[in-house]
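Quick notes on the structure that follows.
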Amino acid sequence: MITKMTFKQRSLLFAQLAQIAYCNEKDATSQARKLGFTTIEFYDLDGAQAYRFMNKHDIVIACRGTEPTELNDIKADLKAAPVMAETVGRVHRGFKKEVDELWPMVKEDLQRVGKTRTAWFCGHSLGAAMATLMASRCEDDPTAPNIEELYTYGSPRVGWRKFVNSLDVTHHRWVNNNDIVTRVPLAVMGYKHDGIEHYMNAYGNVRKLTSWQRAKDRWRGMWMGLKQGGVDSFSDHSMTNYIANLEKMQG
């Protein structure tokens with residue numbers, strides 16, 4: 001039962017599930033069962049992908065993020081023009097299209113489960129945006145399970161202020177230092193972030209920083225990345241690095 005886990009344990013669990021969402025169905029099933037899930041279903045339509053992980057207490061929808069080799073994912077990321085959401089306000093056109101592909105199947109399963117399970121949503125990158133939109137739709141459906149929480153990692157901005165303000169889901173939004181995806185689409189386009197931000201600094205620790213402190217920390221992270229021969233803005237987006245930081249926090 002996920003509700004009996006601590007916040008740190010849940011944060012790691014959903015990070016692991018968000019990473020598992022990138023796996024093929026056979027590997028995802030094997031890994032999810034090790035985490036206590038007995039029913040696994042893969043949703044896949046026109047490149048939009050997600051998993052349903054379920055046990056006798058919980059149902060988790062984990063959306064798959066951007067894969068550089070998938071043209072459909074790249075197109076979704078680039079379609080930043082705002083459109084009306086299925087619920088309230090305006091959202092990113094590309095993200096909405098991905099959810100529109102899968103939602104009829106996900107909705108059917110959620111309604112079938114009804115109030116017998118507690119619902120959770122999670123995802124990384126594009127998957128984080130999709131999970132946010134799906135959580136919004138689930139929340140708007142009285143026949144769907146009650147949503148406990150939403151966990152996202154490296155999430156882009158998903159919608160405009162009205163959409164963000166309409167969300168009544170507890171959303172834990174993890175940001176790793178210089179993760180570049182968390183800075184798009186640009187705020188000047190009207191997009192806003194949702195949820196409770198948990199910022200991981202250049203050393204992988206969760207810290208609440210002022211704007212000036214964060215700017216210094218980002219420069220520190222950039223310099224540390226350059227010394228290691230990498231580009232911090234991209235390496236910080238890796239789901240592997242999110243999980244490594246969360247594992248370090250478990251002690």
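Chain lettering (A, B, ...) mirrors the order of the structure tokens, residue numbering begins at 1 for each chain separately, and ligand numbering begins at 1 in order of display.
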
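By chain and then residue number, the residues within 9 Å of Glu86 in chain A are A:Lys96, A:Leu133, A:Ser136, A:Arg137, counting only C-alpha atoms and disregarding those fewer than 5 positions away in sequence.
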
Could you tell me, as a short mmCIF file (atom, residue, chain, number, x, y, z; two decimals) with C-alpha atoms, in the first residue's frame, which residues of range 25-228 of chain A DSSP assigns to helix (DSSP H, G or I) when given the backbone?
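What landed in result32.cif:
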data_model
loop_
_atom_site.label_atom_id
_atom_site.label_comp_id
_atom_site.auth_asym_id
_atom_site.auth_seq_id
_atom_site.Cartn_x
_atom_site.Cartn_y
_atom_site.Cartn_z
CA GLU A 25 6.71 -4.65 -21.97
CA LYS A 26 8.61 -7.77 -20.90
CA ASP A 27 11.25 -5.88 -18.91
CA ALA A 28 8.71 -3.45 -17.47
CA THR A 29 6.57 -6.33 -16.23
CA SER A 30 9.53 -8.03 -14.57
CA GLN A 31 10.75 -4.86 -12.86
CA ALA A 32 7.30 -3.70 -11.76
CA ARG A 33 6.53 -7.06 -10.17
CA LYS A 34 9.68 -6.74 -8.07
CA LEU A 71 9.70 11.26 -34.31
CA ASN A 72 6.27 11.43 -32.69
CA ASP A 73 7.79 12.43 -29.34
CA ILE A 74 9.91 15.15 -30.91
CA LYS A 75 6.89 16.53 -32.75
CA ALA A 76 4.91 16.58 -29.50
CA ASP A 77 7.62 18.57 -27.72
CA LEU A 78 7.77 21.14 -30.53
CA ARG A 93 -0.90 21.42 -27.95
CA GLY A 94 1.68 18.65 -28.40
CA PHE A 95 1.29 17.30 -24.87
CA LYS A 96 -2.49 17.31 -25.19
CA LYS A 97 -2.32 15.39 -28.46
CA GLU A 98 -0.26 12.63 -26.85
CA VAL A 99 -2.80 12.30 -24.03
CA ASP A 100 -5.72 12.39 -26.46
CA GLU A 101 -4.28 9.29 -28.13
CA LEU A 102 -4.20 7.21 -24.96
CA TRP A 103 -6.96 8.68 -22.82
CA PRO A 104 -9.90 6.55 -24.07
CA MET A 105 -8.02 3.36 -23.06
CA VAL A 106 -6.75 4.77 -19.78
CA LYS A 107 -10.15 6.22 -18.90
CA GLU A 108 -11.88 2.89 -19.53
CA ASP A 109 -9.49 1.11 -17.16
CA LEU A 110 -9.79 3.80 -14.50
CA GLN A 111 -13.58 3.65 -14.64
CA ARG A 112 -13.51 -0.14 -14.46
CA VAL A 113 -11.43 0.03 -11.29
CA GLY A 114 -13.63 2.79 -9.87
CA LYS A 115 -13.22 3.50 -6.17
CA THR A 116 -11.66 0.11 -5.38
CA LEU A 126 7.14 14.46 -21.88
CA GLY A 127 5.73 11.71 -19.65
CA ALA A 128 5.55 14.19 -16.77
CA ALA A 129 3.46 16.56 -18.88
CA MET A 130 1.21 13.71 -19.97
CA ALA A 131 0.79 12.51 -16.38
CA THR A 132 -0.24 16.03 -15.32
CA LEU A 133 -2.90 16.23 -18.03
CA MET A 134 -4.17 12.73 -17.27
CA ALA A 135 -4.40 13.50 -13.56
CA SER A 136 -6.45 16.59 -14.42
CA ARG A 137 -8.87 14.52 -16.50
CA CYS A 138 -9.11 11.79 -13.87
CA GLU A 139 -9.85 14.38 -11.23
CA ARG A 161 -2.38 29.95 -15.35
CA LYS A 162 -6.09 29.05 -15.50
CA PHE A 163 -5.29 25.39 -16.13
CA VAL A 164 -2.64 25.31 -13.41
CA ASN A 165 -4.97 26.98 -10.90
CA SER A 166 -7.71 24.47 -11.69
CA ILE A 180 16.81 22.30 -19.22
CA VAL A 181 13.42 20.70 -19.89
CA THR A 182 12.00 22.27 -16.72
CA ARG A 183 12.51 25.71 -18.31
CA ALA A 187 7.08 31.58 -19.25
CA VAL A 188 6.73 34.56 -21.60
CA MET A 189 4.47 32.34 -23.72
CA SER A 211 16.65 33.21 -6.76
CA TRP A 212 20.21 34.41 -6.23
CA GLN A 213 21.25 31.22 -4.46
CA ARG A 214 19.72 29.10 -7.23
CA ALA A 215 21.53 31.12 -9.91
CA LYS A 216 24.83 30.48 -8.13
CA ASP A 217 23.99 26.81 -7.71
CA ARG A 218 23.21 26.46 -11.41
CA TRP A 219 26.54 28.01 -12.34
CA ARG A 220 28.21 25.62 -9.90
CA GLY A 221 26.44 22.67 -11.51
CA MET A 222 27.39 23.86 -14.99
CA TRP A 223 31.03 24.15 -13.98
CA MET A 224 31.00 20.71 -12.34
CA GLY A 225 29.50 19.26 -15.52
CA LEU A 226 32.12 20.88 -17.75
CA LYS A 227 34.91 19.48 -15.59
#

Hey, what does DSSP flag as strand (DSSP E) within range 85-228 of chain A? Can you give it to me as a ChimeraX atom specification? /A:90-92,118-124,146-153,159-160,171-176,191-192,196-200

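Between CA of Leu45 in chain A and CA of His57 in chain A the interatomic distance comes to 27.4 Å.
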
With distances taken over only C-alpha atoms, which of A:Gly65, A:Asn55, A:Val175, A:Gln9 is nearest to Cys23 in chain A?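 Distance minimum relative to Cys23 in chain A lands on A:Gly65.
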
One decimal place gives the CA of Ile59 in chain A-CA of Thr3 in chain A separation as 11.9 Å

I'd like the interatomic distance between CA of Glu247 in chain A and CA of Leu12 in chain A, to a tenth of an Å. 6.8 Å

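Closest to Thr66 in chain A among A:Ser238, A:Thr38, A:Thr118, A:Asn178 is A:Ser238, based on only C-alpha atoms.
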